[in-house]
Amino acid sequence: MDSEEIIGKIKPELDKVVNFLERELAKFRPSRATSSLVEDVSVECFGQRFPLKQLATIAIPEPRQILIQPWDKSYIEGIVKALERTGIGASPIVDKDAIRINLPPLTGEYRKDLLRLISQKQEEAKKTIRRWREEAWEEIQRNFREGKIRENDKFKGKDGLQELVDEYNKKIEEIGERKKKEIAE
């Protein structure tokens, strides 16, 4: 296996890191309501756990309001309990056979905490990417020692690996900056 194949093998893993970061940051509450704030909340129903999006429709009727309409009225109690455990900063209100969440405006202190958390999530993603880079580099070196690749392939692989890591680190920065800008609005 040459260095290009080794690098190609980790690319899907790096994509997973970036996708995971995007999903995690989507859960952070910006100044406007979005369905991503609640759609993956784990709800206990009939002795099992389900993501909220499998039990109800989620709508945004107003910029600071989330409307959840369960497909069955028996889900309401479990959904309310699950929403109360989340840290979205608002209490669910049962309105007949629907649940409303009115989001308060973000405070300055809460914004600072969100910005700090975004930076932490970015750093975690970068650490994971570094771990994948180290793993691929070790495999390239092992193949060189075993005579499976030549020395110039080894160094070409090192450069290619670094280019890939730089590309993904840039994506992580862009995702984080977009979210920070969204929260600062």
# chains A, B, ... in the order shown; residues from 1 in each chain; ligands from 1
call {"tool": "residues_around", "arguments": {"residues": "Arg130 in chain A", "least_positions_apart": "5", "cutoff": "10 Å", "atoms": "only C-alpha atoms", "output": "JSON, numbers by chain"}}
result
{"A": [14, 124, 125, 135, 136, 162, 165, 169]}
call {"tool": "closest_atom_pairs", "arguments": {"of": "range 56-146 of chain A", "to": "range 18-40 of chain A", "cutoff": "8 Å", "atoms": "only C-alpha atoms", "output": "JSON lines"}}
result
{"residue": "A:Ile58", "atom": "CA", "partner": "A:Ser35", "partner_atom": "CA", "distance": 6.2}
{"residue": "A:Ala59", "atom": "CA", "partner": "A:Ser35", "partner_atom": "CA", "distance": 6.8}
{"residue": "A:Ile60", "atom": "CA", "partner": "A:Ala33", "partner_atom": "CA", "distance": 6.7}
{"residue": "A:Glu62", "atom": "CA", "partner": "A:Ala33", "partner_atom": "CA", "distance": 7.9}
{"residue": "A:Pro63", "atom": "CA", "partner": "A:Arg32", "partner_atom": "CA", "distance": 5.3}
{"residue": "A:Arg64", "atom": "CA", "partner": "A:Ala33", "partner_atom": "CA", "distance": 4.9}
{"residue": "A:Gln65", "atom": "CA", "partner": "A:Ala33", "partner_atom": "CA", "distance": 5.9}
{"residue": "A:Ile66", "atom": "CA", "partner": "A:Ala33", "partner_atom": "CA", "distance": 6.4}
{"residue": "A:Leu83", "atom": "CA", "partner": "A:Val38", "partner_atom": "CA", "distance": 7.6}
{"residue": "A:Ile88", "atom": "CA", "partner": "A:Arg29", "partner_atom": "CA", "distance": 6.8}
{"residue": "A:Leu103", "atom": "CA", "partner": "A:Ala33", "partner_atom": "CA", "distance": 7.1}
{"residue": "A:Pro105", "atom": "CA", "partner": "A:Ser31", "partner_atom": "CA", "distance": 6.6}
{"residue": "A:Leu106", "atom": "CA", "partner": "A:Ser31", "partner_atom": "CA", "distance": 6.4}
{"residue": "A:Leu114", "atom": "CA", "partner": "A:Phe28", "partner_atom": "CA", "distance": 7.1}
{"residue": "A:Ile118", "atom": "CA", "partner": "A:Leu25", "partner_atom": "CA", "distance": 6.9}
{"residue": "A:Lys121", "atom": "CA", "partner": "A:Leu21", "partner_atom": "CA", "distance": 6.9}
{"residue": "A:Gln122", "atom": "CA", "partner": "A:Leu21", "partner_atom": "CA", "distance": 7.3}
{"residue": "A:Ala125", "atom": "CA", "partner": "A:Leu21", "partner_atom": "CA", "distance": 6.8}
call {"tool": "atom_distance", "arguments": {"atom1": "CA of Lys73 in chain A", "atom2": "CA of Cys45 in chain A"}}
result
11.7 Å
call {"tool": "closest_residue", "arguments": {"among": "A:Leu55, A:Ala90, A:Ala184, A:Ile172", "to": "Glu123 in chain A", "atoms": "only C-alpha atoms"}}
result
A:Ile172
call {"tool": "atom_distance", "arguments": {"atom1": "CA of Lys179 in chain A", "atom2": "CA of Lys127 in chain A"}}
result
19.5 Å
call {"tool": "select_by_dssp", "arguments": {"residues": "range 37-176 of chain A", "states": "helix (DSSP H, G or I)", "output": "MDAnalysis selection string"}}
result
chainID A and resid 37 52:54 73:85 108:145 151:176
call {"tool": "atom_distance", "arguments": {"atom1": "CA of Leu161 in chain A", "atom2": "CA of Trp137 in chain A"}}
result
7.7 Å
call {"tool": "select_by_dssp", "arguments": {"residues": "range 55-156 of chain A", "states": "strand (DSSP E)", "output": "list of chain:residue names"}}
result
A:Ala56, A:Thr57, A:Ile58, A:Ala59, A:Ile60, A:Pro61, A:Glu62, A:Gln65, A:Ile66, A:Leu67, A:Ile68, A:Gln69, A:Pro70, A:Pro92, A:Ile93, A:Val94, A:Asp95, A:Ala98, A:Ile99, A:Arg100, A:Ile101, A:Asn102
call {"tool": "closest_residue", "arguments": {"among": "A:Gly157, A:Gly147, A:Gly108, A:Pro51", "to": "Ile183 in chain A", "atoms": "only C-alpha atoms"}}
result
A:Gly108
call {"tool": "residues_around", "arguments": {"residues": "Glu44 in chain A", "least_positions_apart": "3", "cutoff": "6 Å", "atoms": "only C-alpha atoms", "output": "list of chain:residue names"}}
result
A:Gln48, A:Arg49, A:Gly78
